[in-house]
Number of protein chains: 2
Amino acid sequence: MATIKPGQPTARQLSVFEFIKKHIIKKGVPPTVREVAAHFGFASPLSAQLHINALVKKGLLKKLPFKQRALEISGLRPAEDTTLPLLGRVRAGAPLLASEDTEDHIRIDKGLFKIEDGFALRVTGDSMMEAGIFEGDIAIVKQQQTIENGEIGVVLIGDEATVKRVFRQKGKIVLKPENKTMKPATYNAEDVRVLGKVVGIIRKM
Amino acid sequence: MATIKPGQPTARQLSVFEFIKKHIIKKGVPPTVREVAAHFGFASPLSAQLHINALVKKGLLKKLPFKQRALEISGLRPAEDTTLPLLGRVRAGAPLLASEDTEDHIRIDKGLFKIEDGFALRVTGDSMMEAGIFEGDIAIVKQQQTIENGEIGVVLIGDEATVKRVFRQKGKIVLKPENKTMKPATYNAEDVRVLGKVVGIIRKM
DNA sequence: GGATATACTATACAAATGTATAGTATATGT
DNA sequence: ACATATACTATACATTTGTATAGTATATCC
């Protein structure tokens with residue numbers, strides 16, 4: 001077998017690295033030492049361990065000692081999800097994320113949308129179709145109390161949560177549909193509660 | 001403590017059940033016995049175990065014996081992901097899912113889109129904007145060689161992968177943009193390769 | 001009171017997984 | 001030839017996590 005400069009991974013080590021990488025991508029978690037051994041036909045788990053140690057030494061892998069499935073590849077996100085409640089309804093009086101109003105949960109890759117607190121909402125109506133938001137789409141909403149002029153937000157009017165482009169004009173709130181057949185509506189600021197900003201759309205077709 | 005009819009979970013058992021449920025929803029995996037014990041301040045892991053056993057007996061939980069983090073709640077999907085390659089380009093000559101052409105990976109909840117083999121593709125151009133598909137959107141594509149008349153598909157023409165509504169007319173293939181400013185284009189069937197059907201859209205805003 | 005279910009502790013064992021010791025063998029550079 | 005790095009086996013130990021044994025205590029029903 002070829003001797004290679006220390007610092008450079010060998011072909012064998014690289015194939016172990018590739019296996020681990022693919023495992024993380026496909027399964028979301030790194031393999032166990034014995035899973036690596038099984039894949040390569042090693043009789044001893046140590047064989048896999050030594051390759052892993054070498055890869056750690058050479059900087060391709062990181063490891064949390066004694067933790068299970070705790071290999072990390074820099075630049076490769078591990079499976080980290082954000083779970084957002086999919087709200088079935090929004091009630092004016094109740095706390096926004098009351099669990100009784102959660103219809104389902106949407107799990108999405110944490111890297112996809114940057115949200116700490118948020119929720120998902122199924123879009124009803126065609127009012128935003130020219131913004132590419134259709135009836136039945138799932139809006140990913142970042143929870144916030146205010147919104148920049150012209151951004152698309154979720155606002156509560158009475159007992160109805162609706163997705164619109166939001167403008168502020170002289171103490172009034174203007175909700176502008178993105179649909180030629182519909183007109184903007186103006187409300188007193190105190191009648192409108194901003195629930196959040198739409199940061200993403202998921203559509204099943 | 002109240003004695004309750006066998007078959008009915010006690011308040012304490014229900015709170016353990018709720019903790020497990022939330023853990024699965026939030027983290028994607030059930031807690032370990034000791035994590036349950038720690039959360040409730042139990043000094044012995046058996047305390048948690050007994051609650052779990054009772055919940056299993058009463059039908060609220062299912063369990064795979066001796067497996068780690070192997071609790072299941074019926075009607076609650078565990079964290080199962082599909083990983084789709086996000087193709088950076090599509091080359092006419094090469095296999096579709098050549099790893100050199102994979103720009104990134106999109107992990108999505110398996111329950112969200114029903115796909116076995118598929119890929120993701122970043123949409124370029126405005127040709128489908130009236131179908132609510134915008135430039136920069138990520139199209140979730142189910143890989144298939146044919147497509148029903150009028151469905152939205154990803155097709156390869158020369159070296160360019162494009163998203164269009166696909167029609168078949170007398171041995172010809174018609175690709176219809178969803179944009180009033182653009183006209184349908186007709187191709188010989190042999191010049192067009194169907195890569196798949198668009199089953200979903202993800203938009204980051 | 002006695003039976004039963006609940007709710008817990010202290011401790012230990014079992015299985016899965018990470019790690020280590022000791023050893024064999026091969027290839028390469030000096 | 002020798003040192004060194006690589007690549008592996010057989011075996012055992014360490015840590016984590018699921019499970020079990022033995023025991024204490026309380027509440028409810030008969």
# chains A, B, ... in the order shown; residues from 1 in each chain; ligands from 1

$ select_by_dssp --residues "range 92-179 of chain B" --states "strand (DSSP E)" --output "ChimeraX atom specification"
/B:102-109,118-122,138-143,152-157,160-169,172-176

$ interface_residues --of "chain C" --to "chain A" --cutoff "10 Å" --atoms "only C-alpha atoms (C1' of nucleotides)" --output "PyMOL selection string"
chain C and resi 16-20+26-29

$ closest_residue --among "C:DA3, C:DC8, C:DA22, C:DT30" --to "DA1 in chain D" --atoms "only C-alpha atoms (C1' of nucleotides)"
C:DT30

$ residues_around --residues "DA7 in chain C" --least-positions-apart "6" --cutoff "10 Å" --atoms "only C-alpha atoms (C1' of nucleotides)" --output "number ranges by chain"
B: 1, 12, 47, 50-51; D: 25-26

$ write_last_selection --atoms "C-alpha atoms (C1' of nucleotides)" --output "PDB file, in the first residue's frame"
ATOM      1  CA  MET B   1     -52.915   9.664  44.692  1.00  0.00           C
ATOM      2  CA  ARG B  12     -48.796  11.703  35.845  1.00  0.00           C
ATOM      3  CA  SER B  47     -39.403   5.571  37.311  1.00  0.00           C
ATOM      4  CA  LEU B  50     -42.615   2.350  34.522  1.00  0.00           C
ATOM      5  CA  HIS B  51     -44.610   5.280  33.220  1.00  0.00           C
TER       6      HIS B  51
ATOM      7  C1'  DA D  25     -44.743   4.524  50.523  1.00  0.00           C
ATOM      8  C1'  DT D  26     -49.469   6.208  49.549  1.00  0.00           C
TER       9       DT D  26
END

$ closest_atom_pairs --of "chain A" --to "chain B" --cutoff "9 Å" --atoms "only C-alpha atoms" --output "CSV"
residue,atom,partner,partner_atom,distance
A:Ile25,CA,B:Thr83,CA,6.9
A:Lys26,CA,B:Thr83,CA,5.8
A:Lys27,CA,B:Asp81,CA,7.5
A:Gly28,CA,B:Asp81,CA,7.8
A:Ala79,CA,B:Arg107,CA,8.1
A:Glu80,CA,B:Lys27,CA,8.3
A:Asp81,CA,B:Lys27,CA,7.4
A:Thr82,CA,B:Lys26,CA,7.5
A:Thr83,CA,B:Lys26,CA,5.8
A:Leu84,CA,B:Lys26,CA,8.7
A:His105,CA,B:Ile25,CA,7.6
A:Ile106,CA,B:Asp109,CA,7.7
A:Arg107,CA,B:Asp109,CA,5.9
A:Ile108,CA,B:Ile108,CA,5.8
A:Asp109,CA,B:Arg107,CA,5.9
A:Leu112,CA,B:Lys204,CA,7.7
A:Phe113,CA,B:Lys204,CA,7.0
A:Met129,CA,B:Gly132,CA,7.0
A:Glu130,CA,B:Glu130,CA,7.3
A:Ala131,CA,B:Gly132,CA,7.4
A:Gly132,CA,B:Gly132,CA,4.0
A:Ile133,CA,B:Gly132,CA,6.5
A:Phe134,CA,B:Gly132,CA,7.1
A:Val198,CA,B:Met205,CA,7.5
A:Val199,CA,B:Met205,CA,4.9
A:Gly200,CA,B:Lys204,CA,4.6
A:Ile201,CA,B:Arg203,CA,5.0
A:Ile202,CA,B:Ile202,CA,4.7
A:Arg203,CA,B:Ile201,CA,5.0
A:Lys204,CA,B:Gly200,CA,4.6
A:Met205,CA,B:Val199,CA,4.9

$ residues_around --residues "DT11 in chain C" --least-positions-apart "3" --cutoff "12 Å" --atoms "only C-alpha atoms (C1' of nucleotides)" --output "compact mmCIF listing (two decimals) with C-alpha atoms (C1' of nucleotides), in the first residue's frame"
# COMPACT_ATOMS: atom_id res chain seq x y z
CA ALA B 43 -33.60 9.66 40.63
CA SER B 44 -34.05 6.30 38.96
CA PRO B 45 -34.48 5.62 35.25
CA LEU B 46 -36.95 2.95 36.19
C1' DA D 20 -34.94 -5.95 35.75
C1' DT D 21 -34.91 -7.09 40.92
C1' DA D 22 -35.98 -5.65 45.41
C1' DG D 23 -37.90 -2.51 48.27

$ select_by_dssp --residues "range 12-194 of chain B" --states "alpha helix (DSSP H)" --output "PyMOL selection string"
chain B and resi 12-27+33-40+45-57

$ write_last_selection --atoms "C-alpha atoms" --output "CSV table (one decimal), in the first residue's frame"
chain,number,residue,atom,x,y,z
B,12,ARG,CA,-48.8,11.7,35.8
B,13,GLN,CA,-48.6,9.2,33.0
B,14,LEU,CA,-50.3,11.8,30.7
B,15,SER,CA,-47.7,14.4,31.5
B,16,VAL,CA,-45.0,11.9,30.7
B,17,PHE,CA,-46.8,11.1,27.5
B,18,GLU,CA,-47.0,14.8,26.6
B,19,PHE,CA,-43.3,15.2,27.3
B,20,ILE,CA,-42.5,12.4,24.9
B,21,LYS,CA,-44.8,13.7,22.3
B,22,LYS,CA,-43.3,17.2,22.4
B,23,HIS,CA,-39.9,15.7,22.3
B,24,ILE,CA,-40.7,13.8,19.1
B,25,ILE,CA,-42.3,16.8,17.5
B,26,LYS,CA,-39.5,19.2,18.4
B,27,LYS,CA,-36.4,17.0,18.1
B,33,VAL,CA,-35.5,6.8,29.4
B,34,ARG,CA,-33.0,8.9,31.3
B,35,GLU,CA,-33.9,12.0,29.5
B,36,VAL,CA,-37.5,11.5,30.7
B,37,ALA,CA,-36.3,10.8,34.2
B,38,ALA,CA,-34.1,13.9,34.2
B,39,HIS,CA,-37.0,16.1,33.0
B,40,PHE,CA,-39.2,15.0,35.8
B,45,PRO,CA,-34.5,5.6,35.2
B,46,LEU,CA,-36.9,2.9,36.2
B,47,SER,CA,-39.4,5.6,37.3
B,48,ALA,CA,-39.6,6.8,33.8
B,49,GLN,CA,-39.6,3.3,32.4
B,50,LEU,CA,-42.6,2.3,34.5
B,51,HIS,CA,-44.6,5.3,33.2
B,52,ILE,CA,-43.6,4.3,29.7
B,53,ASN,CA,-44.6,0.7,30.3
B,54,ALA,CA,-48.0,1.8,31.6
B,55,LEU,CA,-48.5,4.0,28.6
B,56,VAL,CA,-47.6,1.1,26.3
B,57,LYS,CA,-50.0,-1.2,28.2

$ atom_distance --atom1 "CA of Ala185 in chain A" --atom2 "CA of Glu135 in chain B"
28.9 Å

$ interface_residues --of "chain D" --to "chain A" --cutoff "10 Å" --atoms "only C-alpha atoms (C1' of nucleotides)" --output "short mmCIF file (atom, residue, chain, number, x, y, z; two decimals) with N, CA, C and O atoms (P, O5', C5', C4', C3', O3' and C1' of nucleotides), in the first residue's frame"
data_model
loop_
_atom_site.label_atom_id
_atom_site.label_comp_id
_atom_site.auth_asym_id
_atom_site.auth_seq_id
_atom_site.Cartn_x
_atom_site.Cartn_y
_atom_site.Cartn_z
P DT D 4 10.92 5.61 13.97
"O5'" DT D 4 9.77 5.72 12.87
"C5'" DT D 4 10.02 6.49 11.68
"C4'" DT D 4 8.85 6.29 10.72
"C3'" DT D 4 7.47 6.35 11.38
"O3'" DT D 4 6.73 7.41 10.82
"C1'" DT D 4 7.63 4.54 9.86
P DA D 5 5.32 7.84 11.52
"O5'" DA D 5 4.26 7.39 10.42
"C5'" DA D 5 4.41 7.85 9.07
"C4'" DA D 5 3.51 7.03 8.17
"C3'" DA D 5 2.07 6.92 8.69
"O3'" DA D 5 1.17 7.34 7.68
"C1'" DA D 5 2.96 4.77 8.17
P DT D 6 -0.40 7.22 7.93
"O5'" DT D 6 -0.76 5.81 7.28
"C5'" DT D 6 -0.44 5.57 5.92
"C4'" DT D 6 -0.81 4.16 5.55
"C3'" DT D 6 -2.28 3.79 5.81
"O3'" DT D 6 -2.87 3.40 4.59
"C1'" DT D 6 -0.83 2.11 6.64
P DA D 7 -4.48 3.15 4.53
"O5'" DA D 7 -4.65 1.68 5.09
"C5'" DA D 7 -4.25 0.57 4.29
"C4'" DA D 7 -4.61 -0.71 5.00
"C3'" DA D 7 -6.00 -0.69 5.67
"O3'" DA D 7 -6.76 -1.78 5.17
"C1'" DA D 7 -4.36 -1.54 7.12
P DC D 8 -8.32 -1.88 5.45
"O5'" DC D 8 -8.42 -2.89 6.69
"C5'" DC D 8 -8.22 -4.25 6.43
"C4'" DC D 8 -7.53 -4.95 7.58
"C3'" DC D 8 -8.40 -5.35 8.75
"O3'" DC D 8 -9.25 -6.42 8.38
"C1'" DC D 8 -6.13 -4.90 9.35
P DT D 9 -10.37 -6.92 9.39
"O5'" DT D 9 -9.57 -7.80 10.44
"C5'" DT D 9 -8.77 -8.90 10.00
"C4'" DT D 9 -8.33 -9.72 11.20
"C3'" DT D 9 -9.48 -10.10 12.14
"O3'" DT D 9 -9.40 -11.48 12.47
"C1'" DT D 9 -7.78 -8.93 13.34
P DA D 10 -10.66 -12.20 13.12
"O5'" DA D 10 -10.22 -12.31 14.65
"C5'" DA D 10 -8.89 -12.67 15.00
"C4'" DA D 10 -8.71 -12.56 16.51
"C3'" DA D 10 -9.99 -12.80 17.33
"O3'" DA D 10 -9.70 -13.70 18.39
"C1'" DA D 10 -9.05 -10.71 17.90
P DT D 11 -10.88 -14.17 19.40
"O5'" DT D 11 -10.84 -13.07 20.56
"C5'" DT D 11 -9.58 -12.77 21.17
"C4'" DT D 11 -9.71 -11.58 22.09
"C3'" DT D 11 -10.94 -11.58 23.00
"O3'" DT D 11 -10.51 -11.75 24.33
"C1'" DT D 11 -10.45 -9.42 22.12
P DA D 14 -13.04 -0.63 32.03
"O5'" DA D 14 -13.73 0.37 31.01
"C5'" DA D 14 -12.94 1.32 30.30
"C4'" DA D 14 -13.83 2.42 29.74
"C3'" DA D 14 -14.86 2.96 30.73
"O3'" DA D 14 -14.99 4.35 30.50
"C1'" DA D 14 -15.99 1.95 28.89
P DT D 15 -15.89 5.26 31.44
"O5'" DT D 15 -17.17 5.50 30.54
"C5'" DT D 15 -17.00 6.01 29.21
"C4'" DT D 15 -18.34 6.07 28.51
"C3'" DT D 15 -19.51 6.57 29.37
"O3'" DT D 15 -20.15 7.60 28.66
"C1'" DT D 15 -20.08 4.54 28.31
P DT D 16 -21.41 8.37 29.26
"O5'" DT D 16 -22.61 7.70 28.43
"C5'" DT D 16 -22.52 7.63 27.01
"C4'" DT D 16 -23.72 6.90 26.45
"C3'" DT D 16 -25.07 7.31 27.06
"O3'" DT D 16 -25.97 7.53 26.00
"C1'" DT D 16 -24.81 4.97 27.17
#

$ atom_distance --atom1 "CA of Gly153 in chain A" --atom2 "CA of Asp126 in chain B"
23.5 Å

$ atom_distance --atom1 "CA of Tyr187 in chain B" --atom2 "CA of Ile157 in chain B"
9.1 Å

$ closest_residue --among "B:Pro184, B:Gly171, B:Gly88, B:Gly196" --to "Glu151 in chain B" --atoms "only C-alpha atoms"
B:Gly196

$ residues_around --residues "Phe167 in chain B" --least-positions-apart "4" --cutoff "8 Å" --atoms "only C-alpha atoms (C1' of nucleotides)" --output "short mmCIF file (atom, residue, chain, number, x, y, z; two decimals) with C-alpha atoms, in the first residue's frame"
data_model
loop_
_atom_site.label_atom_id
_atom_site.label_comp_id
_atom_site.auth_asym_id
_atom_site.auth_seq_id
_atom_site.Cartn_x
_atom_site.Cartn_y
_atom_site.Cartn_z
CA GLU B 148 -49.30 13.62 -18.63
CA ASN B 149 -50.61 16.19 -21.07
CA GLY B 150 -50.68 19.60 -19.47
CA GLU B 151 -48.62 18.79 -16.39
CA ILE B 173 -43.79 18.16 -27.94
CA VAL B 174 -45.19 21.58 -27.11
CA LEU B 175 -43.69 23.46 -24.19
CA LYS B 176 -46.04 26.13 -22.94
#

$ residues_around --residues "Ala161 in chain A" --least-positions-apart "5" --cutoff "8 Å" --atoms "only C-alpha atoms (C1' of nucleotides)" --output "ChimeraX atom specification"
/A:89-90,154-156
